[in-house]
Amino acid sequence: MDPIDQRHGLSRRRLLVSSAVAAVTATILPACSESSTGTSRGGEGGSAAVNRRGSPTKPMAPPQQLKEAPALASRVKAGELPPVEKRMPARPYVVPHRWLQVGKYGGSLRMPASASVTFSPSTLLYGHAPLRWLNDSQDLAPGLVESWESNDDASQWTLHLREGVRWSDGTPLTADDAMYWWKDLVLNEDYPAVAPDSGRSSKGTPMTLSAPDAHTLVMDFDNPSAVVIFQLARYIQWDVWFQPKHYLKQFHAAYNKKVGKDWANIHADKMNTAQNPDCPTLTGWKLHSYREGVSITWERNPYYWCVDPDGNQLPYIDELVMPLFQDPEVAKLQIQSGQADYVGGWGSSVPMTLADVSGLKRSAKKSRMRVLLWNTGTGGTPAFFFNYDYPEEAMRELIRKPEFRQALSHAHNREEVRKTLYFNTGEITTGTHSPQSVEYHTTAEGPKMYRSWRDSYAAYEPEKAKQMLDKLGVVDSDGDGMRNMPNGDKLTLRISYSAESTAESITYNGLLKRDWEQIGISVQLDPLPPTGFDELWQRGELMSQGGWGLTTLHDHLLLYYWFCSTEPTVWAPLQAQWWKVRGTPAEHTEADVSPWKRHPPRLEPEAGGPVDRLWKGLAQALSEPEALKRTQLVWDMIKIHVDEGPFFQGSVANFPVPVVVHEDLRNVPERDQLAFGGLVNTWSHPTPAVYDPETYFWANPADHT
């Protein structure tokens, strides 16, 4: 195993695995040491102009002196808390973003949230994450894990925890908290938890996790697994590696024989930091009060382990106050009337779109809110996709013909979608991974590969679409003016969607119906109750869906379910169910039962078919330790989408969305300060966590208490 460079937390192997990522950053963030326009760091006190864009990748040196919020200093003086030096690691994480000013302590931040969604700071905040993204996911940075390295084939990863981190109750964080999560929860058959992607090998089998000492974790895999290291920065709301064993073990049957048979459910409730204020956390704010359907309040965590470059313990703002709303449209009116301070990012449950910008600007004088525009990073939104595993045989055969899907794509007027929904922003696309994905930027061939997929079937050519359908035998064979199936049966495309879909999705589905009926295909819009919708799709009963967004990022292997259909909510649901049981005793059971009546409904990919080849390419790519070789394998898989797709049909990529910010709130980055202009709607890029909301502060905190 390569020795670690303790200054950078880098080994030769880590550099090798990350080479493609570094190549992107070199392109995106040139001349980091050069000056650019912008205010000086420190705001009022600075004088020299500095580059305010992006974030340096080399970890910043620990500050010489630590400082803290006045509210915490008074508690230290009263003997309620240890001094800040005793509450922080010797090497705290220094938030590195170039746009930061040194902030002021105090105040409250109002962030409206949906009453129908159980909110947790883990959807908004880094804190529990082993690693962190920088520069819109193009760089991997330390987090709770301060340094890491792998063996030569990336089948073993060693993680070195940041020493001195403490839970919000002051208890030290150790490797034992990760072992509790893994052995006592994930691997416990009596507990409803599963191994996340970050804990599975390239074959899909769970890792072996061990802790040789209190601050080291070793991940052993049964196959080379280079990509798992990137997984440690993404799903912060689900892949919560560290759990407070000292608190939770009292509710676990293995540690407390007095717990009842329902211990697993009780344990799950007790570890829910969104509703249980007693559960220790590692985020900058911890739960103070939860009033169901009314509001949630989060207070400063005195043991938060992150600081600004001047050594000020974060967060700056004392508390987050989240008024809960039932109706998103009512929430928008409240924002315009000045009843909010910050709305935006993946964790926001207020669906702000470009259509809301004019109203927000008209009300700006009253609300004192300003509108920032951050890019979405999407690969094609909205999106439509067929059920590749539809049970009716004749329709399934037609759906699986690439020419049929290609004809419909050419009949789709994407410019109309771009104009109607996104005010002519973004770029027309067939539907791809995010334009910012690593594989599109690492070599001169990358942009060409992206354009070949983006442009493959995006052109609006209805006459060409008609000719393609004619050639397939999809013609008007009964003289009623609408096209029939090749066997003469009626052809009706049913686009299903949740009745609670956004207005944007409903408008999009209406445009699809209009476009396809203009080439002679009957279309039925099929709104369904949201309860049970996913179950119907995963059983393969629905023909198609419309209105999704392709929210993938970083690379095609980090979140590959759209790319390879390994998740039953996307385009080949029964084959995805097969993916989930492959290698288990359930894989080949019920062999004499119809795939749609199995438990769960599942279908083995056809040998040599596109799903079969995508899965084989995925297995090979996930086990390849060399970054550039992985990229070549991904390109080979993209060619399957270009030649035989679209398996999912997008419309517009990477359009901006509004982030609404009070005019007195500071350190919220502008679009041109971010590597890719901000990435809001990407599953694997937790926004705004990546921009560290703990650094937001009020210009006049006393005005916002």
# chains A, B, ... in the order shown; residues from 1 in each chain; ligands from 1
call {"tool": "residues_around", "arguments": {"residues": "Ser55 in chain A", "least_positions_apart": "5", "cutoff": "8 Å", "atoms": "only C-alpha atoms", "output": "PyMOL selection string"}}
result
chain A and resi 96-98+134-135
call {"tool": "write_last_selection", "arguments": {"atoms": "N, CA and C atoms", "output": "PDB file, in the first residue's frame"}}
result
ATOM      1  N   PRO A  96     -12.974  25.969   2.244  1.00  0.00           N
ATOM      2  CA  PRO A  96     -11.963  26.616   1.413  1.00  0.00           C
ATOM      3  C   PRO A  96     -12.461  27.572   0.332  1.00  0.00           C
ATOM      4  N   HIS A  97     -13.776  27.774   0.185  1.00  0.00           N
ATOM      5  CA  HIS A  97     -14.283  28.464  -0.998  1.00  0.00           C
ATOM      6  C   HIS A  97     -13.722  29.878  -1.137  1.00  0.00           C
ATOM      7  N   ARG A  98     -13.366  30.248  -2.331  1.00  0.00           N
ATOM      8  CA  ARG A  98     -12.738  31.546  -2.573  1.00  0.00           C
ATOM      9  C   ARG A  98     -13.716  32.715  -2.448  1.00  0.00           C
ATOM     10  N   LEU A 134     -15.952  19.342  -4.040  1.00  0.00           N
ATOM     11  CA  LEU A 134     -15.598  20.730  -4.307  1.00  0.00           C
ATOM     12  C   LEU A 134     -15.734  20.987  -5.804  1.00  0.00           C
ATOM     13  N   ASN A 135     -15.858  22.263  -6.162  1.00  0.00           N
ATOM     14  CA  ASN A 135     -15.890  22.681  -7.561  1.00  0.00           C
ATOM     15  C   ASN A 135     -16.941  21.919  -8.369  1.00  0.00           C
TER      16      ASN A 135
END
call {"tool": "residues_around", "arguments": {"residues": "Ala254 in chain A", "least_positions_apart": "6", "cutoff": "12 Å", "atoms": "only C-alpha atoms", "output": "PyMOL selection string"}}
result
chain A and resi 180+183-185+188+190-191+245+248+260+263-264+267
call {"tool": "atom_distance", "arguments": {"atom1": "CA of Gln406 in chain A", "atom2": "CA of Leu550 in chain A"}}
result
18.3 Å
call {"tool": "residues_around", "arguments": {"residues": "Lys464 in chain A", "least_positions_apart": "6", "cutoff": "12 Å", "atoms": "only C-alpha atoms", "output": "list in words"}}
result
Glu403, Phe404, Gln406, Ala407, Leu408, Ser409, His410, Ala411, His412, Tyr457, Asp470, Lys471 and Ile519 of chain A
call {"tool": "closest_atom_pairs", "arguments": {"of": "range 238-308 of chain A", "to": "range 143-165 of chain A", "cutoff": "8 Å", "atoms": "only C-alpha atoms", "output": "CSV"}}
result
residue,atom,partner,partner_atom,distance
A:Tyr303,CA,A:Val165,CA,7.9
A:Tyr304,CA,A:Val165,CA,8.0
A:Trp305,CA,A:Val165,CA,5.9
call {"tool": "select_by_dssp", "arguments": {"residues": "range 362-550 of chain A", "states": "alpha helix (DSSP H)", "output": "number ranges by chain"}}
result
A: 362, 364-367, 393-399, 402-410, 414-422, 445-454, 462-472, 503-517, 533-538
call {"tool": "residues_around", "arguments": {"residues": "Lys419 in chain A", "least_positions_apart": "3", "cutoff": "12 Å", "atoms": "only C-alpha atoms", "output": "JSON, numbers by chain"}}
result
{"A": [354, 355, 413, 414, 415, 416, 422, 423, 424, 425, 426, 427, 428, 508, 511, 651, 652, 655]}
call {"tool": "closest_atom_pairs", "arguments": {"of": "range 265-376 of chain A", "to": "range 66-86 of chain A", "cutoff": "7 Å", "atoms": "only C-alpha atoms", "output": "tab-separated table"}}
result
residue	atom	partner	partner_atom	distance
A:Pro302	CA	A:Leu72	CA	6.9
A:Gly311	CA	A:Leu66	CA	4.7
A:Asn312	CA	A:Lys67	CA	4.6
A:Gln313	CA	A:Glu68	CA	5.2
call {"tool": "closest_residue", "arguments": {"among": "A:Asp515, A:Asp480, A:Asp672, A:Glu319", "to": "Val417 in chain A", "atoms": "only C-alpha atoms"}}
result
A:Asp515
call {"tool": "closest_residue", "arguments": {"among": "A:Gln673, A:Leu217, A:Arg405, A:Arg234", "to": "Ala129 in chain A", "atoms": "only C-alpha atoms"}}
result
A:Arg234
call {"tool": "closest_residue", "arguments": {"among": "A:Thr584, A:Ser477, A:Thr492, A:Ser594", "to": "Arg539 in chain A", "atoms": "only C-alpha atoms"}}
result
A:Ser594
call {"tool": "select_by_dssp", "arguments": {"residues": "range 273-442 of chain A", "states": "strand (DSSP E or B)", "output": "compact mmCIF listing (two decimals) with all heavy atoms, in the first residue's frame"}}
result
# COMPACT_ATOMS: atom_id res chain seq x y z
N TRP A 285 -26.00 22.53 12.63
CA TRP A 285 -27.15 22.82 13.50
C TRP A 285 -27.77 21.50 13.94
O TRP A 285 -27.72 20.50 13.23
CB TRP A 285 -28.20 23.64 12.76
CG TRP A 285 -27.78 25.04 12.41
CD1 TRP A 285 -27.85 26.15 13.21
CD2 TRP A 285 -27.24 25.50 11.17
NE1 TRP A 285 -27.40 27.27 12.55
CE2 TRP A 285 -27.02 26.90 11.29
CE3 TRP A 285 -26.93 24.89 9.95
CZ2 TRP A 285 -26.50 27.67 10.24
CZ3 TRP A 285 -26.39 25.64 8.92
CH2 TRP A 285 -26.19 27.02 9.07
N LYS A 286 -28.36 21.49 15.11
CA LYS A 286 -29.05 20.30 15.61
C LYS A 286 -30.48 20.67 15.97
O LYS A 286 -30.80 21.83 16.25
CB LYS A 286 -28.32 19.73 16.84
CG LYS A 286 -28.22 20.66 18.03
CD LYS A 286 -27.31 20.06 19.11
CE LYS A 286 -27.26 20.93 20.36
NZ LYS A 286 -28.50 20.88 21.14
N LEU A 287 -31.35 19.68 15.97
CA LEU A 287 -32.77 19.92 16.19
C LEU A 287 -33.01 20.51 17.59
O LEU A 287 -32.52 20.00 18.59
CB LEU A 287 -33.55 18.61 16.04
CG LEU A 287 -35.07 18.70 16.19
CD1 LEU A 287 -35.67 19.54 15.07
CD2 LEU A 287 -35.69 17.30 16.19
N HIS A 288 -33.80 21.58 17.61
CA HIS A 288 -34.21 22.18 18.88
C HIS A 288 -35.68 21.87 19.17
O HIS A 288 -36.03 21.45 20.27
CB HIS A 288 -34.01 23.69 18.85
CG HIS A 288 -34.55 24.40 20.06
ND1 HIS A 288 -34.00 24.24 21.31
CD2 HIS A 288 -35.60 25.25 20.21
CE1 HIS A 288 -34.67 24.96 22.18
NE2 HIS A 288 -35.66 25.59 21.55
N SER A 289 -36.56 22.06 18.18
CA SER A 289 -37.98 21.76 18.39
C SER A 289 -38.62 21.34 17.08
O SER A 289 -38.25 21.82 16.00
CB SER A 289 -38.71 22.98 18.95
OG SER A 289 -38.71 24.05 18.00
N TYR A 290 -39.56 20.41 17.20
CA TYR A 290 -40.30 19.91 16.05
C TYR A 290 -41.78 20.00 16.36
O TYR A 290 -42.28 19.33 17.27
CB TYR A 290 -39.90 18.46 15.75
CG TYR A 290 -40.73 17.81 14.67
CD1 TYR A 290 -40.51 18.10 13.32
CD2 TYR A 290 -41.74 16.90 14.99
CE1 TYR A 290 -41.27 17.50 12.33
CE2 TYR A 290 -42.50 16.29 14.01
CZ TYR A 290 -42.27 16.60 12.68
OH TYR A 290 -43.03 16.01 11.70
N ARG A 291 -42.49 20.87 15.62
CA ARG A 291 -43.94 21.01 15.78
C ARG A 291 -44.58 20.52 14.49
O ARG A 291 -44.55 21.21 13.47
CB ARG A 291 -44.31 22.46 16.07
CG ARG A 291 -43.69 23.02 17.35
CD ARG A 291 -43.96 24.51 17.48
NE ARG A 291 -45.38 24.78 17.57
CZ ARG A 291 -45.92 25.98 17.37
NH1 ARG A 291 -45.15 27.01 17.04
NH2 ARG A 291 -47.22 26.16 17.46
N SER A 295 -43.78 23.97 12.34
CA SER A 295 -42.43 24.51 12.15
C SER A 295 -41.39 23.57 12.74
O SER A 295 -41.70 22.72 13.58
CB SER A 295 -42.30 25.89 12.80
OG SER A 295 -42.42 25.78 14.21
N ILE A 296 -40.16 23.76 12.29
CA ILE A 296 -39.01 23.05 12.82
C ILE A 296 -37.93 24.09 13.10
O ILE A 296 -37.71 24.99 12.29
CB ILE A 296 -38.46 22.00 11.82
CG1 ILE A 296 -39.58 21.12 11.27
CG2 ILE A 296 -37.39 21.14 12.48
CD1 ILE A 296 -39.13 20.18 10.18
N THR A 297 -37.27 23.96 14.23
CA THR A 297 -36.20 24.90 14.58
C THR A 297 -34.93 24.12 14.88
O THR A 297 -34.95 23.13 15.61
CB THR A 297 -36.58 25.75 15.81
OG1 THR A 297 -37.81 26.43 15.54
CG2 THR A 297 -35.50 26.77 16.11
N TRP A 298 -33.82 24.60 14.29
CA TRP A 298 -32.51 23.98 14.49
C TRP A 298 -31.58 25.00 15.14
O TRP A 298 -31.54 26.15 14.73
CB TRP A 298 -31.93 23.55 13.14
CG TRP A 298 -32.87 22.68 12.36
CD1 TRP A 298 -33.85 23.10 11.51
CD2 TRP A 298 -32.95 21.27 12.40
NE1 TRP A 298 -34.54 22.03 11.01
CE2 TRP A 298 -34.00 20.89 11.54
CE3 TRP A 298 -32.23 20.28 13.06
CZ2 TRP A 298 -34.35 19.56 11.33
CZ3 TRP A 298 -32.58 18.96 12.85
CH2 TRP A 298 -33.62 18.61 12.00
N GLU A 299 -30.84 24.57 16.15
CA GLU A 299 -29.95 25.47 16.88
C GLU A 299 -28.49 25.10 16.64
O GLU A 299 -28.17 24.00 16.21
CB GLU A 299 -30.27 25.42 18.37
CG GLU A 299 -30.02 24.06 19.01
CD GLU A 299 -30.42 24.02 20.47
OE1 GLU A 299 -30.84 25.06 21.00
OE2 GLU A 299 -30.31 22.93 21.08
N ARG A 300 -27.62 26.03 16.93
CA ARG A 300 -26.18 25.86 16.72
C ARG A 300 -25.66 24.62 17.45
O ARG A 300 -25.97 24.38 18.62
CB ARG A 300 -25.47 27.10 17.22
CG ARG A 300 -23.95 27.05 17.16
CD ARG A 300 -23.33 28.21 17.92
NE ARG A 300 -23.85 29.48 17.44
CZ ARG A 300 -23.44 30.08 16.32
NH1 ARG A 300 -22.52 29.51 15.57
NH2 ARG A 300 -23.94 31.24 15.96
N CYS A 306 -16.05 22.29 11.90
CA CYS A 306 -15.58 23.04 10.74
C CYS A 306 -15.40 24.52 11.10
O CYS A 306 -16.15 25.07 11.91
CB CYS A 306 -16.57 22.91 9.58
SG CYS A 306 -16.82 21.21 9.05
N VAL A 307 -14.43 25.16 10.43
CA VAL A 307 -14.12 26.56 10.70
C VAL A 307 -13.94 27.30 9.39
O VAL A 307 -13.77 26.69 8.33
CB VAL A 307 -12.83 26.71 11.55
CG1 VAL A 307 -12.98 26.05 12.89
CG2 VAL A 307 -11.62 26.14 10.79
N ASN A 312 -12.69 30.85 12.78
CA ASN A 312 -13.98 31.02 13.44
C ASN A 312 -14.80 29.74 13.30
O ASN A 312 -15.06 29.27 12.18
CB ASN A 312 -14.74 32.18 12.80
CG ASN A 312 -14.04 33.50 12.99
OD1 ASN A 312 -13.93 33.99 14.11
ND2 ASN A 312 -13.54 34.09 11.90
N GLN A 313 -15.21 29.19 14.43
CA GLN A 313 -16.04 27.99 14.38
C GLN A 313 -17.38 28.31 13.71
O GLN A 313 -18.00 29.34 13.98
CB GLN A 313 -16.30 27.44 15.80
CG GLN A 313 -17.06 26.12 15.79
CD GLN A 313 -17.47 25.67 17.19
OE1 GLN A 313 -17.64 26.49 18.10
NE2 GLN A 313 -17.65 24.37 17.37
N GLU A 319 -29.52 30.01 14.39
CA GLU A 319 -30.57 28.99 14.24
C GLU A 319 -31.22 29.05 12.86
O GLU A 319 -31.26 30.09 12.21
CB GLU A 319 -31.64 29.15 15.32
CG GLU A 319 -32.44 30.43 15.25
CD GLU A 319 -33.55 30.51 16.29
OE1 GLU A 319 -33.65 29.61 17.13
OE2 GLU A 319 -34.33 31.47 16.23
N LEU A 320 -31.72 27.89 12.43
CA LEU A 320 -32.54 27.77 11.24
C LEU A 320 -33.98 27.60 11.69
O LEU A 320 -34.28 26.74 12.52
CB LEU A 320 -32.14 26.56 10.40
CG LEU A 320 -30.68 26.43 9.96
CD1 LEU A 320 -30.52 25.18 9.11
CD2 LEU A 320 -30.23 27.66 9.21
N VAL A 321 -34.87 28.41 11.14
CA VAL A 321 -36.30 28.30 11.46
C VAL A 321 -37.03 27.92 10.17
O VAL A 321 -36.92 28.62 9.17
CB VAL A 321 -36.84 29.63 12.01
CG1 VAL A 321 -38.34 29.50 12.30
CG2 VAL A 321 -36.09 30.02 13.27
N MET A 322 -37.76 26.82 10.21
CA MET A 322 -38.41 26.30 9.02
C MET A 322 -39.92 26.30 9.19
O MET A 322 -40.49 25.34 9.73
CB MET A 322 -37.89 24.91 8.71
CG MET A 322 -36.41 24.95 8.42
SD MET A 322 -35.73 23.35 8.06
CE MET A 322 -34.05 23.86 7.64
N PRO A 323 -40.60 27.35 8.73
CA PRO A 323 -42.06 27.32 8.72
C PRO A 323 -42.53 26.26 7.72
O PRO A 323 -42.01 26.18 6.60
CB PRO A 323 -42.44 28.74 8.24
CG PRO A 323 -41.17 29.54 8.32
CD PRO A 323 -40.05 28.59 8.17
N LEU A 324 -43.48 25.45 8.12
CA LEU A 324 -43.96 24.36 7.26
C LEU A 324 -45.21 24.80 6.51
O LEU A 324 -46.08 25.47 7.06
CB LEU A 324 -44.26 23.13 8.10
CG LEU A 324 -43.08 22.58 8.92
CD1 LEU A 324 -43.50 21.34 9.69
CD2 LEU A 324 -41.89 22.27 8.01
N PHE A 325 -45.30 24.43 5.24
CA PHE A 325 -46.45 24.80 4.42
C PHE A 325 -47.08 23.54 3.83
O PHE A 325 -46.43 22.52 3.65
CB PHE A 325 -46.04 25.77 3.30
CG PHE A 325 -45.01 25.20 2.35
CD1 PHE A 325 -45.39 24.40 1.28
CD2 PHE A 325 -43.66 25.48 2.52
CE1 PHE A 325 -44.44 23.88 0.41
CE2 PHE A 325 -42.71 24.97 1.65
CZ PHE A 325 -43.10 24.16 0.59
N TYR A 342 -34.24 32.42 2.68
CA TYR A 342 -33.42 31.63 1.75
C TYR A 342 -34.27 30.48 1.22
O TYR A 342 -34.87 29.73 1.98
CB TYR A 342 -32.19 31.07 2.46
CG TYR A 342 -31.29 30.22 1.58
CD1 TYR A 342 -30.30 30.81 0.79
CD2 TYR A 342 -31.43 28.84 1.53
CE1 TYR A 342 -29.49 30.04 -0.02
CE2 TYR A 342 -30.62 28.06 0.72
CZ TYR A 342 -29.64 28.66 -0.06
OH TYR A 342 -28.84 27.90 -0.86
N VAL A 343 -34.31 30.34 -0.11
CA VAL A 343 -35.04 29.25 -0.76
C VAL A 343 -34.21 28.80 -1.95
O VAL A 343 -33.95 29.58 -2.87
CB VAL A 343 -36.44 29.68 -1.26
CG1 VAL A 343 -37.16 28.49 -1.88
CG2 VAL A 343 -37.25 30.27 -0.12
N MET A 369 -35.94 40.31 -1.13
CA MET A 369 -35.31 39.10 -1.65
C MET A 369 -34.72 39.38 -3.02
O MET A 369 -35.32 40.08 -3.84
CB MET A 369 -36.34 37.97 -1.75
CG MET A 369 -37.00 37.60 -0.45
SD MET A 369 -35.87 36.84 0.75
CE MET A 369 -35.83 35.16 0.12
N ARG A 370 -33.53 38.84 -3.25
CA ARG A 370 -32.94 38.93 -4.57
C ARG A 370 -32.87 37.54 -5.18
O ARG A 370 -32.85 36.53 -4.46
CB ARG A 370 -31.56 39.57 -4.52
CG ARG A 370 -30.52 38.81 -3.71
CD ARG A 370 -29.28 39.66 -3.46
NE ARG A 370 -28.26 38.90 -2.75
CZ ARG A 370 -27.17 38.39 -3.33
NH1 ARG A 370 -26.98 38.55 -4.64
NH2 ARG A 370 -26.28 37.72 -2.62
N VAL A 371 -32.81 37.48 -6.50
CA VAL A 371 -32.85 36.22 -7.22
C VAL A 371 -31.49 35.92 -7.81
O VAL A 371 -30.95 36.71 -8.59
CB VAL A 371 -33.92 36.25 -8.33
CG1 VAL A 371 -33.89 34.93 -9.11
CG2 VAL A 371 -35.30 36.49 -7.74
N LEU A 372 -30.91 34.78 -7.42
CA LEU A 372 -29.71 34.26 -8.06
C LEU A 372 -30.15 33.16 -9.02
O LEU A 372 -31.16 32.50 -8.80
CB LEU A 372 -28.74 33.67 -7.04
CG LEU A 372 -28.32 34.56 -5.86
CD1 LEU A 372 -27.37 33.78 -4.95
CD2 LEU A 372 -27.65 35.82 -6.36
N LEU A 373 -29.40 32.96 -10.08
CA LEU A 373 -29.69 31.87 -11.00
C LEU A 373 -28.52 30.90 -10.97
O LEU A 373 -27.40 31.26 -11.32
CB LEU A 373 -29.92 32.41 -12.42
CG LEU A 373 -31.18 33.25 -12.62
CD1 LEU A 373 -31.24 33.77 -14.04
CD2 LEU A 373 -32.43 32.44 -12.30
N TRP A 374 -28.79 29.68 -10.51
CA TRP A 374 -27.78 28.62 -10.54
C TRP A 374 -28.18 27.61 -11.60
O TRP A 374 -29.38 27.35 -11.81
CB TRP A 374 -27.71 27.91 -9.19
CG TRP A 374 -27.07 28.70 -8.10
CD1 TRP A 374 -26.44 29.91 -8.20
CD2 TRP A 374 -27.00 28.32 -6.71
NE1 TRP A 374 -25.98 30.31 -6.98
CE2 TRP A 374 -26.30 29.36 -6.04
CE3 TRP A 374 -27.44 27.24 -5.98
CZ2 TRP A 374 -26.04 29.32 -4.67
CZ3 TRP A 374 -27.18 27.19 -4.62
CH2 TRP A 374 -26.49 28.22 -3.98
N ASN A 375 -27.21 27.02 -12.25
CA ASN A 375 -27.51 25.98 -13.23
C ASN A 375 -28.07 24.74 -12.53
O ASN A 375 -27.75 24.46 -11.37
CB ASN A 375 -26.25 25.59 -14.00
CG ASN A 375 -25.84 26.64 -15.00
OD1 ASN A 375 -26.65 27.46 -15.42
ND2 ASN A 375 -24.57 26.63 -15.39
N THR A 381 -34.27 17.74 -19.15
CA THR A 381 -35.49 17.86 -18.38
C THR A 381 -36.48 18.74 -19.13
O THR A 381 -36.05 19.72 -19.74
CB THR A 381 -35.20 18.49 -17.00
OG1 THR A 381 -34.27 17.65 -16.30
CG2 THR A 381 -36.45 18.64 -16.16
N ALA A 383 -38.27 14.79 -19.05
CA ALA A 383 -37.91 13.58 -19.78
C ALA A 383 -39.10 12.64 -19.87
O ALA A 383 -39.97 12.61 -19.00
CB ALA A 383 -36.73 12.89 -19.11
N PHE A 384 -39.10 11.88 -20.96
CA PHE A 384 -40.12 10.85 -21.20
C PHE A 384 -39.39 9.52 -21.38
O PHE A 384 -38.29 9.49 -21.95
CB PHE A 384 -40.90 11.18 -22.46
CG PHE A 384 -41.70 10.03 -23.01
CD1 PHE A 384 -43.00 9.79 -22.58
CD2 PHE A 384 -41.16 9.17 -23.97
CE1 PHE A 384 -43.74 8.72 -23.07
CE2 PHE A 384 -41.88 8.10 -24.47
CZ PHE A 384 -43.17 7.87 -24.02
N PHE A 385 -40.00 8.43 -20.91
CA PHE A 385 -39.42 7.12 -21.20
C PHE A 385 -40.50 6.06 -21.21
O PHE A 385 -41.47 6.10 -20.45
CB PHE A 385 -38.30 6.75 -20.22
CG PHE A 385 -38.66 6.85 -18.76
CD1 PHE A 385 -39.02 5.73 -18.03
CD2 PHE A 385 -38.61 8.07 -18.10
CE1 PHE A 385 -39.34 5.82 -16.68
CE2 PHE A 385 -38.91 8.17 -16.76
CZ PHE A 385 -39.28 7.05 -16.04
N PHE A 386 -40.34 5.10 -22.13
CA PHE A 386 -41.21 3.94 -22.20
C PHE A 386 -40.82 2.92 -21.13
O PHE A 386 -39.69 2.92 -20.63
CB PHE A 386 -41.09 3.26 -23.57
CG PHE A 386 -41.91 3.90 -24.65
CD1 PHE A 386 -41.30 4.57 -25.69
CD2 PHE A 386 -43.30 3.81 -24.64
CE1 PHE A 386 -42.04 5.15 -26.71
CE2 PHE A 386 -44.06 4.38 -25.65
CZ PHE A 386 -43.43 5.06 -26.69
N GLU A 427 -29.84 23.96 -23.14
CA GLU A 427 -29.50 23.47 -24.47
C GLU A 427 -30.38 22.29 -24.85
O GLU A 427 -30.70 21.44 -24.02
CB GLU A 427 -28.03 23.08 -24.54
CG GLU A 427 -27.59 22.02 -23.53
CD GLU A 427 -26.10 21.72 -23.62
OE1 GLU A 427 -25.65 21.22 -24.66
OE2 GLU A 427 -25.38 21.98 -22.65
N ILE A 428 -30.76 22.27 -26.14
CA ILE A 428 -31.58 21.18 -26.66
C ILE A 428 -30.79 19.88 -26.60
O ILE A 428 -29.61 19.83 -26.93
CB ILE A 428 -31.99 21.49 -28.11
CG1 ILE A 428 -32.85 22.74 -28.16
CG2 ILE A 428 -32.72 20.30 -28.73
CD1 ILE A 428 -34.14 22.64 -27.39
call {"tool": "closest_residue", "arguments": {"among": "A:Thr695, A:Lys597, A:Gln334, A:Gly473", "to": "Val94 in chain A", "atoms": "only C-alpha atoms"}}
result
A:Thr695
call {"tool": "residues_around", "arguments": {"residues": "Lys104 in chain A", "least_positions_apart": "6", "cutoff": "7 Å", "atoms": "only C-alpha atoms", "output": "list in words"}}
result
Tyr316, Phe697 and Trp698 of chain A
call {"tool": "write_last_selection", "arguments": {"atoms": "all heavy atoms", "output": "mmCIF file, in the first residue's frame"}}
result
data_model
loop_
_atom_site.group_PDB
_atom_site.id
_atom_site.type_symbol
_atom_site.label_atom_id
_atom_site.label_comp_id
_atom_site.auth_asym_id
_atom_site.auth_seq_id
_atom_site.Cartn_x
_atom_site.Cartn_y
_atom_site.Cartn_z
ATOM 1 N N TYR A 316 -22.077 30.497 11.411
ATOM 2 C CA TYR A 316 -22.211 31.883 11.855
ATOM 3 C C TYR A 316 -23.613 32.147 12.411
ATOM 4 O O TYR A 316 -23.789 32.802 13.426
ATOM 5 C CB TYR A 316 -21.971 32.841 10.693
ATOM 6 C CG TYR A 316 -20.556 32.905 10.165
ATOM 7 C CD1 TYR A 316 -20.304 32.780 8.809
ATOM 8 C CD2 TYR A 316 -19.479 33.127 11.019
ATOM 9 C CE1 TYR A 316 -19.018 32.865 8.300
ATOM 10 C CE2 TYR A 316 -18.182 33.209 10.527
ATOM 11 C CZ TYR A 316 -17.958 33.074 9.161
ATOM 12 O OH TYR A 316 -16.687 33.167 8.665
ATOM 13 N N PHE A 697 -24.012 34.289 6.457
ATOM 14 C CA PHE A 697 -24.132 35.150 7.628
ATOM 15 C C PHE A 697 -24.907 36.412 7.272
ATOM 16 O O PHE A 697 -25.061 36.766 6.097
ATOM 17 C CB PHE A 697 -22.753 35.504 8.197
ATOM 18 C CG PHE A 697 -21.937 36.460 7.358
ATOM 19 C CD1 PHE A 697 -21.968 37.832 7.597
ATOM 20 C CD2 PHE A 697 -21.121 35.994 6.334
ATOM 21 C CE1 PHE A 697 -21.210 38.712 6.839
ATOM 22 C CE2 PHE A 697 -20.358 36.867 5.564
ATOM 23 C CZ PHE A 697 -20.412 38.231 5.809
ATOM 24 N N TRP A 698 -25.397 37.078 8.305
ATOM 25 C CA TRP A 698 -26.149 38.318 8.138
ATOM 26 C C TRP A 698 -25.222 39.524 8.221
ATOM 27 O O TRP A 698 -24.361 39.593 9.108
ATOM 28 C CB TRP A 698 -27.225 38.444 9.223
ATOM 29 C CG TRP A 698 -28.356 37.480 9.078
ATOM 30 C CD1 TRP A 698 -28.657 36.444 9.899
ATOM 31 C CD2 TRP A 698 -29.336 37.480 8.039
ATOM 32 N NE1 TRP A 698 -29.772 35.772 9.441
ATOM 33 C CE2 TRP A 698 -30.213 36.394 8.290
ATOM 34 C CE3 TRP A 698 -29.569 38.268 6.917
ATOM 35 C CZ2 TRP A 698 -31.293 36.095 7.470
ATOM 36 C CZ3 TRP A 698 -30.646 37.973 6.089
ATOM 37 C CH2 TRP A 698 -31.491 36.902 6.370
#
call {"tool": "closest_residue", "arguments": {"among": "A:Val634, A:Ile399, A:Ala621, A:Ala195", "to": "Met485 in chain A", "atoms": "only C-alpha atoms"}}
result
A:Ile399
